[in-house]
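Structure file final20.txt; described as compact mmCIF, C-alpha atoms.
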# COMPACT_ATOMS: atom_id res chain seq x y z
CA MET J 107 0.00 0.00 0.00
CA ARG J 108 1.00 3.59 -0.48
CA ILE J 109 0.91 6.18 2.28
CA SER J 110 1.28 9.90 1.73
CA VAL J 111 3.36 11.63 4.42
CA GLN J 112 3.49 15.34 5.22
CA PHE J 113 6.06 17.15 7.36
CA TYR J 114 5.46 20.35 9.32
CA SER J 115 7.60 23.00 11.00
CA TYR J 116 11.34 22.24 11.13
CA PHE J 117 10.73 18.61 10.16
CA LYS J 118 10.62 20.04 6.63
CA ASP J 119 14.17 21.29 7.15
CA LEU J 120 15.30 17.95 8.61
CA THR J 121 13.93 15.98 5.64
CA GLY J 122 14.40 18.63 2.98
CA CYS J 123 10.82 18.14 1.77
CA ALA J 124 7.24 18.91 2.77
CA GLU J 125 5.74 15.67 1.50
CA THR J 126 6.76 12.18 0.48
CA THR J 127 5.06 8.88 -0.43
CA GLU J 128 6.02 5.58 1.15
CA SER J 129 5.29 1.99 0.07
CA LEU J 130 4.58 -0.43 2.90
CA ALA J 131 3.35 -4.02 3.30
CA ASP J 132 -0.39 -4.27 4.02
CA GLY J 133 -1.10 -4.29 7.75
CA SER J 134 1.93 -2.16 8.59
CA THR J 135 1.74 0.05 11.66
CA LEU J 136 2.45 3.72 12.10
CA GLY J 137 5.55 2.66 14.10
CA ALA J 138 6.86 0.73 11.07
CA LEU J 139 6.26 3.74 8.83
CA HIS J 140 8.15 5.95 11.30
CA GLU J 141 11.15 3.58 11.26
CA GLN J 142 11.10 3.53 7.47
CA LEU J 143 11.05 7.33 7.38
CA ILE J 144 13.97 7.54 9.83
CA LYS J 145 16.01 5.28 7.51
CA LYS J 146 15.19 7.54 4.56
CA PHE J 147 15.69 10.81 6.50
CA PRO J 148 18.27 10.06 9.24
CA LYS J 149 17.95 13.55 10.78
CA LEU J 150 14.49 12.53 12.07
CA ALA J 151 16.14 9.99 14.43
CA ALA J 152 17.17 12.57 17.06
CA MET J 153 13.55 13.73 17.36
CA LYS J 154 12.12 10.21 17.47
CA LYS J 155 10.70 10.34 20.99
CA SER J 156 9.09 13.78 20.73
CA THR J 157 7.66 13.31 17.23
CA LEU J 158 3.87 13.74 17.01
CA ILE J 159 2.06 11.66 14.41
CA ALA J 160 -1.42 12.19 12.99
CA VAL J 161 -3.46 10.13 10.53
CA GLY J 162 -5.77 12.55 8.78
CA VAL J 163 -6.57 15.13 11.49
CA ASP J 164 -6.33 12.83 14.54
CA TYR J 165 -3.34 11.85 16.63
CA GLN J 166 -2.56 8.14 16.57
CA THR J 167 -0.15 5.93 18.48
CA ARG J 168 2.61 3.79 16.96
CA ASP J 169 0.50 0.59 17.02
CA TYR J 170 -2.15 2.10 14.71
CA VAL J 171 -2.58 -0.16 11.62
CA LEU J 172 -2.44 1.87 8.42
CA ASN J 173 -4.85 1.59 5.49
CA ASP J 174 -3.97 2.17 1.87
CA GLY J 175 -4.27 5.81 0.83
CA GLU J 176 -4.20 7.27 4.33
CA GLN J 177 -2.52 10.60 4.90
CA VAL J 178 0.05 10.72 7.69
CA SER J 179 1.61 13.84 9.21
CA LEU J 180 4.79 14.05 11.27
CA PHE J 181 5.74 17.09 13.27
CA PRO J 182 7.60 18.33 16.35
CA PRO J 183 5.84 19.43 19.57
CA VAL J 184 3.28 22.17 18.91
CA GLN J 185 3.78 25.75 20.12
CA GLY J 186 0.71 27.85 19.39
CA GLY J 187 -0.36 30.92 21.31
CA MET W 505 -13.57 61.58 73.90
CA ARG W 506 -15.94 61.78 70.96
CA ILE W 507 -15.89 59.32 68.09
CA SER W 508 -17.80 59.78 64.86
CA VAL W 509 -19.30 56.54 63.51
CA GLN W 510 -20.54 55.83 59.99
CA PHE W 511 -22.69 52.93 58.85
CA TYR W 512 -22.72 51.42 55.37
CA SER W 513 -24.97 49.11 53.36
CA TYR W 514 -27.86 47.56 55.33
CA PHE W 515 -26.28 48.59 58.62
CA LYS W 516 -27.94 51.95 57.88
CA ASP W 517 -31.31 50.14 57.84
CA LEU W 518 -30.50 48.27 61.06
CA THR W 519 -29.60 51.47 62.90
CA GLY W 520 -31.94 53.84 61.08
CA CYS W 521 -29.09 56.28 60.48
CA ALA W 522 -25.95 56.75 58.37
CA GLU W 523 -23.88 58.42 61.07
CA THR W 524 -23.79 58.90 64.84
CA THR W 525 -21.40 60.32 67.43
CA GLU W 526 -20.42 58.41 70.57
CA SER W 527 -18.82 59.59 73.81
CA LEU W 528 -16.32 57.19 75.37
CA ALA W 529 -13.76 57.22 78.18
CA ASP W 530 -10.21 57.98 77.01
CA GLY W 531 -8.30 54.78 76.18
CA SER W 532 -11.42 52.90 75.10
CA THR W 533 -11.02 50.19 72.50
CA LEU W 534 -12.88 49.58 69.28
CA GLY W 535 -14.46 46.55 70.99
CA ALA W 536 -15.91 48.80 73.72
CA LEU W 537 -17.30 51.17 71.09
CA HIS W 538 -18.88 48.21 69.28
CA GLU W 539 -20.59 47.05 72.51
CA GLN W 540 -21.86 50.59 73.18
CA LEU W 541 -23.28 50.76 69.64
CA ILE W 542 -25.02 47.39 70.05
CA LYS W 543 -26.71 48.72 73.23
CA LYS W 544 -27.87 51.80 71.33
CA PHE W 545 -28.88 49.89 68.16
CA PRO W 546 -29.88 46.37 69.28
CA LYS W 547 -30.36 45.14 65.70
CA LEU W 548 -26.59 45.25 65.24
CA ALA W 549 -26.23 42.38 67.76
CA ALA W 550 -27.20 39.62 65.30
CA MET W 551 -24.40 40.74 62.94
CA LYS W 552 -21.81 41.11 65.68
CA LYS W 553 -19.41 38.39 64.48
CA SER W 554 -19.44 39.33 60.81
CA THR W 555 -19.22 43.11 61.32
CA LEU W 556 -16.21 44.74 59.68
CA ILE W 557 -14.75 47.79 61.42
CA ALA W 558 -12.47 50.44 59.97
CA VAL W 559 -10.77 53.43 61.58
CA GLY W 560 -10.31 55.98 58.85
CA VAL W 561 -9.65 53.85 55.73
CA ASP W 562 -7.93 50.90 57.44
CA TYR W 563 -9.41 47.81 59.02
CA GLN W 564 -8.71 47.48 62.74
CA THR W 565 -9.27 44.74 65.29
CA ARG W 566 -11.33 45.04 68.46
CA ASP W 567 -8.29 45.71 70.68
CA TYR W 568 -7.41 48.89 68.78
CA VAL W 569 -7.25 51.87 71.22
CA LEU W 570 -9.23 54.81 69.93
CA ASN W 571 -8.08 58.41 69.83
CA ASP W 572 -10.29 61.48 70.19
CA GLY W 573 -11.77 62.63 66.88
CA GLU W 574 -11.19 59.40 64.99
CA GLN W 575 -13.69 58.31 62.40
CA VAL W 576 -14.98 54.75 62.68
CA SER W 577 -16.99 52.82 60.08
CA LEU W 578 -19.10 49.72 60.65
CA PHE W 579 -20.36 47.56 57.82
CA PRO W 580 -21.36 44.06 56.79
CA PRO W 581 -19.16 41.76 54.64
CA VAL W 582 -18.23 43.43 51.36
CA GLN W 583 -19.60 42.24 48.02
CA GLY W 584 -17.99 44.12 45.15
CA GLY W 585 -17.62 42.84 41.62
CA MET F 951 3.83 48.95 37.75
CA ASN F 952 1.32 51.17 35.98
CA ARG F 953 -1.92 51.48 38.00
CA SER F 954 -5.25 52.88 37.03
CA LEU F 955 -8.29 52.76 39.30
CA THR F 956 -11.66 54.26 38.41
CA ILE F 957 -14.81 54.22 40.55
CA THR F 958 -17.55 55.62 38.39
CA ARG F 959 -21.31 56.10 37.97
CA GLU F 960 -20.93 55.99 34.18
CA PRO F 961 -21.35 52.89 32.00
CA LEU F 962 -18.13 51.07 31.16
CA ASP F 963 -16.67 51.84 27.75
CA GLU F 964 -14.60 48.77 26.91
CA ALA F 965 -13.51 50.06 23.50
CA ALA F 966 -12.20 53.30 25.03
CA LEU F 967 -10.37 51.33 27.73
CA LEU F 968 -8.72 49.11 25.11
CA SER F 969 -7.60 52.11 23.09
CA ARG F 970 -5.73 53.46 26.14
CA ARG F 971 -3.79 50.25 26.77
CA THR F 972 0.00 50.51 26.87
CA LEU F 973 2.12 47.43 26.37
CA SER F 974 5.90 47.29 26.28
CA VAL F 975 7.74 44.84 23.99
CA GLY F 976 8.55 42.39 26.79
CA MET F 977 4.91 41.71 27.61
CA GLY F 978 3.34 38.47 26.36
CA ALA F 979 0.00 38.29 28.13
CA VAL F 980 -3.08 40.43 28.67
CA VAL F 981 -5.97 39.14 30.78
CA HIS F 982 -9.32 40.94 31.02
CA PHE F 983 -12.15 40.16 33.35
CA LEU F 984 -15.65 41.59 33.12
CA GLY F 985 -18.13 41.08 35.94
CA ILE F 986 -21.67 41.31 34.57
CA VAL F 987 -24.91 41.83 36.54
CA ARG F 988 -26.96 38.61 36.30
CA ASP F 989 -30.75 38.51 36.16
CA ARG F 990 -31.09 36.58 39.44
CA GLU F 991 -29.89 37.22 42.99
CA ASP F 992 -30.53 34.52 45.60
CA GLY F 993 -32.95 32.81 43.18
CA LYS F 994 -35.10 35.90 42.63
CA LYS F 995 -35.47 37.84 39.37
CA ILE F 996 -33.95 41.30 39.54
CA SER F 997 -33.67 44.19 37.08
CA ALA F 998 -30.49 45.81 38.38
CA ILE F 999 -28.03 45.98 41.26
CA GLU F 1000 -27.32 49.16 43.15
CA TYR F 1001 -23.67 49.35 44.23
CA GLU F 1002 -22.73 51.44 47.25
CA ALA F 1003 -19.09 52.26 47.97
CA PHE F 1004 -17.16 53.84 50.84
CA GLU F 1005 -15.10 55.55 48.20
CA GLN F 1006 -12.06 56.85 50.12
CA MET F 1007 -11.58 53.45 51.70
CA VAL F 1008 -12.16 51.69 48.35
CA THR F 1009 -9.28 53.63 46.80
CA HIS F 1010 -7.00 52.96 49.76
CA GLN F 1011 -7.81 49.24 49.93
CA PHE F 1012 -7.34 48.77 46.17
CA ASN F 1013 -3.96 50.48 46.44
CA LEU F 1014 -2.93 48.08 49.24
CA LEU F 1015 -3.91 45.18 46.95
CA PHE F 1016 -1.99 46.69 44.03
CA ASP F 1017 1.09 47.04 46.32
CA GLU F 1018 0.84 43.36 47.16
CA MET F 1019 0.41 42.36 43.48
CA GLU F 1020 3.52 44.33 42.62
CA LYS F 1021 5.49 42.33 45.20
CA ARG F 1022 4.14 38.97 44.07
CA TRP F 1023 4.19 39.13 40.29
CA PRO F 1024 6.17 40.95 37.56
CA ILE F 1025 3.13 42.87 36.34
CA GLU F 1026 3.58 45.82 34.00
CA SER F 1027 0.07 47.25 34.29
CA ILE F 1028 -3.13 46.83 36.28
CA ARG F 1029 -6.26 48.76 35.36
CA LEU F 1030 -9.56 48.39 37.19
CA VAL F 1031 -12.93 50.10 36.77
CA HIS F 1032 -15.82 49.49 39.18
CA ARG F 1033 -19.22 51.05 38.68
CA VAL F 1034 -21.27 52.37 41.58
CA GLY F 1035 -24.95 53.33 41.64
CA ILE F 1036 -27.47 51.37 39.61
CA VAL F 1037 -26.12 48.84 37.09
CA LYS F 1038 -28.75 47.08 34.98
CA VAL F 1039 -28.89 43.36 34.36
CA ASN F 1040 -26.57 42.30 31.50
CA GLU F 1041 -24.31 45.33 31.98
CA PRO F 1042 -20.74 45.10 33.34
CA SER F 1043 -20.11 46.39 36.86
CA LEU F 1044 -16.41 45.52 36.92
CA TRP F 1045 -13.59 45.58 34.36
CA VAL F 1046 -10.08 44.41 35.18
CA GLU F 1047 -6.99 44.24 32.97
CA VAL F 1048 -3.63 42.74 33.91
CA VAL F 1049 -0.59 42.95 31.61
CA ALA F 1050 2.38 40.71 32.38
CA PRO F 1051 5.26 38.94 30.61
CA HIS F 1052 3.62 35.48 30.78
CA ARG F 1053 0.10 34.14 30.97
CA GLY F 1054 0.52 32.20 34.23
CA GLU F 1055 1.25 35.30 36.27
CA ALA F 1056 -1.36 37.41 34.44
CA PHE F 1057 -4.13 34.89 35.22
CA ALA F 1058 -2.94 34.32 38.81
CA ALA F 1059 -2.74 38.04 39.57
CA CYS F 1060 -6.12 38.84 38.02
CA GLN F 1061 -7.90 36.08 39.95
CA TRP F 1062 -6.12 36.96 43.19
CA LEU F 1063 -7.12 40.61 42.86
CA ILE F 1064 -10.80 39.77 42.34
CA ASP F 1065 -10.84 37.30 45.26
CA GLU F 1066 -9.18 39.82 47.57
CA MET F 1067 -11.43 42.64 46.39
CA LYS F 1068 -14.44 40.59 47.44
CA ARG F 1069 -12.89 40.21 50.88
CA VAL F 1070 -11.68 43.72 51.71
CA VAL F 1071 -12.85 46.44 49.33
CA PRO F 1072 -15.91 48.20 50.86
CA ILE F 1073 -18.46 47.97 48.08
CA TRP F 1074 -21.93 46.50 48.66
CA LYS F 1075 -24.72 45.26 46.44
CA LYS F 1076 -28.44 45.82 46.78
CA PRO F 1077 -30.73 44.03 44.32
CA VAL F 1078 -33.29 46.17 42.50
CA VAL F 1079 -36.49 44.29 41.61
CA MET P 258 -22.44 26.51 23.63
CA ASN P 259 -21.73 29.15 21.03
CA ARG P 260 -18.38 28.52 19.29
CA SER P 261 -16.38 30.73 17.02
CA LEU P 262 -12.93 29.79 15.71
CA THR P 263 -10.91 31.93 13.32
CA ILE P 264 -7.46 31.13 11.93
CA THR P 265 -6.38 34.22 10.04
CA ARG P 266 -3.47 36.01 8.38
CA GLU P 267 -5.05 39.39 9.23
CA PRO P 268 -4.27 41.48 12.33
CA LEU P 269 -6.63 41.00 15.28
CA ASP P 270 -9.34 43.62 15.61
CA GLU P 271 -10.25 43.53 19.31
CA ALA P 272 -12.86 46.30 19.05
CA ALA P 273 -14.69 44.47 16.26
CA LEU P 274 -14.58 41.23 18.25
CA LEU P 275 -16.06 42.98 21.31
CA SER P 276 -18.86 44.49 19.24
CA ARG P 277 -19.93 40.99 18.15
CA ARG P 278 -20.15 39.57 21.67
CA THR P 279 -23.47 38.06 22.72
CA LEU P 280 -24.28 37.65 26.38
CA SER P 281 -27.50 36.26 27.82
CA VAL P 282 -28.95 37.62 31.08
CA GLY P 283 -27.76 34.66 33.18
CA MET P 284 -24.08 35.27 32.41
CA GLY P 285 -21.94 36.93 35.08
CA ALA P 286 -18.38 36.56 33.80
CA VAL P 287 -16.37 37.30 30.67
CA VAL P 288 -12.67 36.42 30.52
CA HIS P 289 -10.41 37.52 27.68
CA PHE P 290 -6.87 36.42 27.03
CA LEU P 291 -4.50 38.00 24.55
CA GLY P 292 -1.19 36.33 23.70
CA ILE P 293 1.30 38.95 22.49
CA VAL P 294 4.55 38.37 20.57
CA ARG P 295 7.44 39.29 22.89
CA ASP P 296 10.72 40.85 21.72
CA ARG P 297 12.85 37.90 22.83
CA GLU P 298 12.80 34.19 22.08
CA ASP P 299 15.30 31.95 23.91
CA GLY P 300 17.15 35.07 25.06
CA LYS P 301 17.62 36.47 21.55
CA LYS P 302 16.11 39.68 20.16
CA ILE P 303 13.54 39.03 17.46
CA SER P 304 11.36 41.26 15.30
CA ALA P 305 8.45 38.88 14.69
CA ILE P 306 7.26 35.29 14.89
CA GLU P 307 6.11 33.33 11.89
CA TYR P 308 3.26 30.97 12.77
CA GLU P 309 2.70 27.86 10.67
CA ALA P 310 -0.49 25.84 11.02
CA PHE P 311 -1.76 22.47 9.74
CA GLU P 312 -5.10 24.20 9.30
CA GLN P 313 -7.55 21.31 8.84
CA MET P 314 -6.14 19.57 11.88
CA VAL P 315 -6.10 22.84 13.86
CA THR P 316 -9.85 23.23 13.31
CA HIS P 317 -10.54 19.61 14.23
CA GLN P 318 -8.38 19.67 17.37
CA PHE P 319 -9.88 22.96 18.57
CA ASN P 320 -13.34 21.46 18.13
CA LEU P 321 -12.35 18.43 20.22
CA LEU P 322 -11.19 20.84 22.95
CA PHE P 323 -14.43 22.85 22.69
CA ASP P 324 -16.40 19.58 23.06
CA GLU P 325 -14.50 18.81 26.23
CA MET P 326 -15.02 22.34 27.62
CA GLU P 327 -18.73 22.01 27.02
CA LYS P 328 -18.77 18.82 29.10
CA ARG P 329 -16.74 20.26 31.94
CA TRP P 330 -18.14 23.76 32.42
CA PRO P 331 -21.46 25.59 31.87
CA ILE P 332 -19.98 27.91 29.25
CA GLU P 333 -22.29 29.99 27.06
CA SER P 334 -19.75 31.08 24.50
CA ILE P 335 -16.16 30.46 23.46
CA ARG P 336 -14.51 32.54 20.77
CA LEU P 337 -10.91 32.10 19.66
CA VAL P 338 -8.82 33.82 17.01
CA HIS P 339 -5.27 32.68 16.17
CA ARG P 340 -3.11 34.46 13.66
CA VAL P 341 -0.86 32.58 11.25
CA GLY P 342 1.95 33.96 9.10
CA ILE P 343 4.19 36.74 10.37
CA VAL P 344 3.11 38.49 13.59
CA LYS P 345 5.33 41.40 14.66
CA VAL P 346 6.65 41.93 18.18
CA ASN P 347 4.05 43.68 20.41
CA GLU P 348 1.12 42.44 18.30
CA PRO P 349 -1.37 39.82 19.50
CA SER P 350 -1.20 36.36 17.96
CA LEU P 351 -4.03 34.88 20.03
CA TRP P 352 -7.35 36.20 21.37
CA VAL P 353 -9.64 34.06 23.51
CA GLU P 354 -12.98 34.92 25.08
CA VAL P 355 -14.97 32.73 27.48
CA VAL P 356 -18.46 33.71 28.70
CA ALA P 357 -19.90 31.80 31.67
CA PRO P 358 -22.29 32.30 34.60
CA HIS P 359 -19.51 32.68 37.20
CA ARG P 360 -15.92 33.80 37.19
CA GLY P 361 -14.42 30.58 38.59
CA GLU P 362 -15.53 28.50 35.63
CA ALA P 363 -14.71 31.24 33.10
CA PHE P 364 -11.11 31.51 34.35
CA ALA P 365 -10.69 27.73 34.67
CA ALA P 366 -12.02 27.04 31.18
CA CYS P 367 -9.95 29.77 29.53
CA GLN P 368 -6.72 28.60 31.15
CA TRP P 369 -7.46 24.95 30.42
CA LEU P 370 -8.10 25.73 26.74
CA ILE P 371 -4.79 27.59 26.35
CA ASP P 372 -2.83 24.84 28.13
CA GLU P 373 -4.43 22.13 25.98
CA MET P 374 -3.97 24.16 22.80
CA LYS P 375 -0.24 24.28 23.49
CA ARG P 376 -0.25 20.50 23.79
CA VAL P 377 -2.35 19.35 20.82
CA VAL P 378 -3.17 22.08 18.31
CA PRO P 379 -0.70 21.87 15.40
CA ILE P 380 0.63 25.41 15.19
CA TRP P 381 4.37 26.13 15.26
CA LYS P 382 6.47 29.22 15.83
CA LYS P 383 9.59 30.33 13.98
CA PRO P 384 11.38 33.44 15.25
CA VAL P 385 12.14 36.15 12.68
CA VAL P 386 15.30 38.15 13.50
Would you mind giving the structure from this file in structure tokens?
Amino acid sequence: MRISVQFYSYFKDLTGCAETTESLADGSTLGALHEQLIKKFPKLAAMKKSTLIAVGVDYQTRDYVLNDGEQVSLFPPVQGG
Amino acid sequence: MRISVQFYSYFKDLTGCAETTESLADGSTLGALHEQLIKKFPKLAAMKKSTLIAVGVDYQTRDYVLNDGEQVSLFPPVQGG
Amino acid sequence: MNRSLTITREPLDEAALLSRRTLSVGMGAVVHFLGIVRDREDGKKISAIEYEAFEQMVTHQFNLLFDEMEKRWPIESIRLVHRVGIVKVNEPSLWVEVVAPHRGEAFAACQWLIDEMKRVVPIWKKPVV
Amino acid sequence: MNRSLTITREPLDEAALLSRRTLSVGMGAVVHFLGIVRDREDGKKISAIEYEAFEQMVTHQFNLLFDEMEKRWPIESIRLVHRVGIVKVNEPSLWVEVVAPHRGEAFAACQWLIDEMKRVVPIWKKPVV
């Protein structure tokens, strides 16, 4: 399956892009996607523990099982206000 | 000595007046003045424990020793806002 | 700390108050509180509240509270307006503004001031039916 | 509960926001918070902050927070405006208004919303030197 991934804030600087598309085996989790992204963009590794991950517009945990075509977003801690 | 006393809020209704003047022995305390006022205006007795007393613009306790010409104010709990 | 205290019989003009706000570049938080006259007092319908104040003592007691705020928090500005006389239901009787570097201290100071005011500032309410 | 959420690139117009406030006769408390851009970030002088938002998710997450507020407190109205893009030092980036029957719940709800916003609403800051 193919998953579209968006980066926000300085994650765009760490990866050098705002968006990418990943291919994963069916039934893969968000955690597996994150590992795959860290291999592709090693600068994401240092932020691994504080990375926030959303599927669509909701936060999800690493054990969330992805579905084909879902949109994932990765970003650092938020800082509004 | 003579002490001028002002009443505020519903204390004016309890006493039927906004202001009175009391004569006291030199060295009398605020507590003694309060007792004298309760004798003169018995409806103040029910409020005795919650009465707030100021000398000039500062709160004082019952053991405060009065001086001739001081201005005392008696009133119920405040309720601004 | 900039202080402004107004005890007035006139309606509150929020827009005019806002236009007079000063705010230095180190300030990150402004908190406003408006106290509004509700349509019920002790379960009974009312049309207004009449506020009575012992005005000289009100000014003095507010200044004591402002002194204490200045010691406790790094506040740049406190402004407070309290109406006296008759204030109709749905109209504000109290307006408070606190300006501080951070929101925690602005909220804490504003709430502390209102709590203390209700303990020591000689203003009284009388419901008007 | 009346809700109004605005994510905007335009400057905040406090006076216009005030003029649109609605307040029923049972409401006794209005709390406003303004978050202002300070002149320093991590000890360094800045001229502005650039706010970036994941807008669809911002709207959704704010609505989840508003749902929770509605469960916790008897709030009549919540209005929130957050600027995105470049906001200069000394200008407000955030305006929040909570209307409730009593001040305790208005203050609690307003502070809770800002704390939660800073935890879950996807908006980020980038200092501009």
Each residue of chain P lying at most 12 Å from chain W should get a row with its shortest atom-to-atom pair and the distance in Å to one decimal, counting only C-alpha atoms; could you produce that, ordered by chain and increasing number, as a tab-separated table?
residue	atom	partner	partner_atom	distance
P:Gly285	CA	W:Gly585	CA	9.8
P:Ala286	CA	W:Gly585	CA	10.1
P:His359	CA	W:Gly585	CA	11.2
P:Arg360	CA	W:Gly585	CA	10.2
Using all atoms listed in the file, determine which residues lie at most 7 Å from stretch 557-565 of chain W, disregarding the query and same-chain residues fewer than 5 positions distant; provide the list as a VMD selection string. (chain W and resid 574 to 579) or (chain F and resid 1006 to 1007 1010)
File of the preceding selection, C-alpha atoms, as an mmCIF file, in the coordinates of the input:
data_model
loop_
_atom_site.group_PDB
_atom_site.id
_atom_site.type_symbol
_atom_site.label_atom_id
_atom_site.label_comp_id
_atom_site.auth_asym_id
_atom_site.auth_seq_id
_atom_site.Cartn_x
_atom_site.Cartn_y
_atom_site.Cartn_z
ATOM 1 C CA GLU W 574 -11.190 59.400 64.990
ATOM 2 C CA GLN W 575 -13.690 58.310 62.400
ATOM 3 C CA VAL W 576 -14.980 54.750 62.680
ATOM 4 C CA SER W 577 -16.990 52.820 60.080
ATOM 5 C CA LEU W 578 -19.100 49.720 60.650
ATOM 6 C CA PHE W 579 -20.360 47.560 57.820
ATOM 7 C CA GLN F 1006 -12.060 56.850 50.120
ATOM 8 C CA MET F 1007 -11.580 53.450 51.700
ATOM 9 C CA HIS F 1010 -7.000 52.960 49.760
#
Against chain P, which residues of chain F fall within 7 Å? For each one I want the closest pair of atoms and the distance in Å (one decimal), counting all atoms listed in the file, rows by chain and increasing residue number, as a Markdown table.
| residue | atom | partner | partner_atom | distance |
| --- | --- | --- | --- | --- |
| F:Ala965 | CA | P:Ala272 | CA | 5.9 |
| F:Val975 | CA | P:Asn347 | CA | 5.3 |
| F:Gly976 | CA | P:Arg295 | CA | 5.1 |
| F:Met977 | CA | P:Arg295 | CA | 5.9 |
| F:Gly978 | CA | P:Ile293 | CA | 4.4 |
| F:Ala979 | CA | P:Gly292 | CA | 5.0 |
| F:Val980 | CA | P:Leu291 | CA | 5.0 |
| F:Val981 | CA | P:Phe290 | CA | 4.7 |
| F:His982 | CA | P:His289 | CA | 4.9 |
| F:Phe983 | CA | P:Val288 | CA | 4.7 |
| F:Leu984 | CA | P:Val287 | CA | 5.0 |
| F:Gly985 | CA | P:Ala286 | CA | 5.0 |
| F:Ile986 | CA | P:Gly285 | CA | 4.4 |
| F:Val987 | CA | P:Gly285 | CA | 5.9 |
| F:Arg988 | CA | P:Gly283 | CA | 5.1 |
| F:Asp989 | CA | P:Val282 | CA | 5.5 |
| F:Val1039 | CA | P:Val282 | CA | 6.6 |
| F:Asn1040 | CA | P:Val282 | CA | 5.3 |
Enclosing box along x, y and z for every listed atom of stretch 355-360 of chain P, padded 5 Å each side, centre and size in Å, one decimal, as AutoDock Vina command-line options:
--center_x -18.6 --center_y 32.8 --center_z 32.3 --size_x 17.3 --size_y 12.0 --size_z 19.7
Between atom CA of P:Glu362 and atom CA of F:Val1079, measure the distance and give it in Å to one decimal.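 Calculated distance between atom CA of P:Glu362 and atom CA of F:Val1079 is 26.9 Å.
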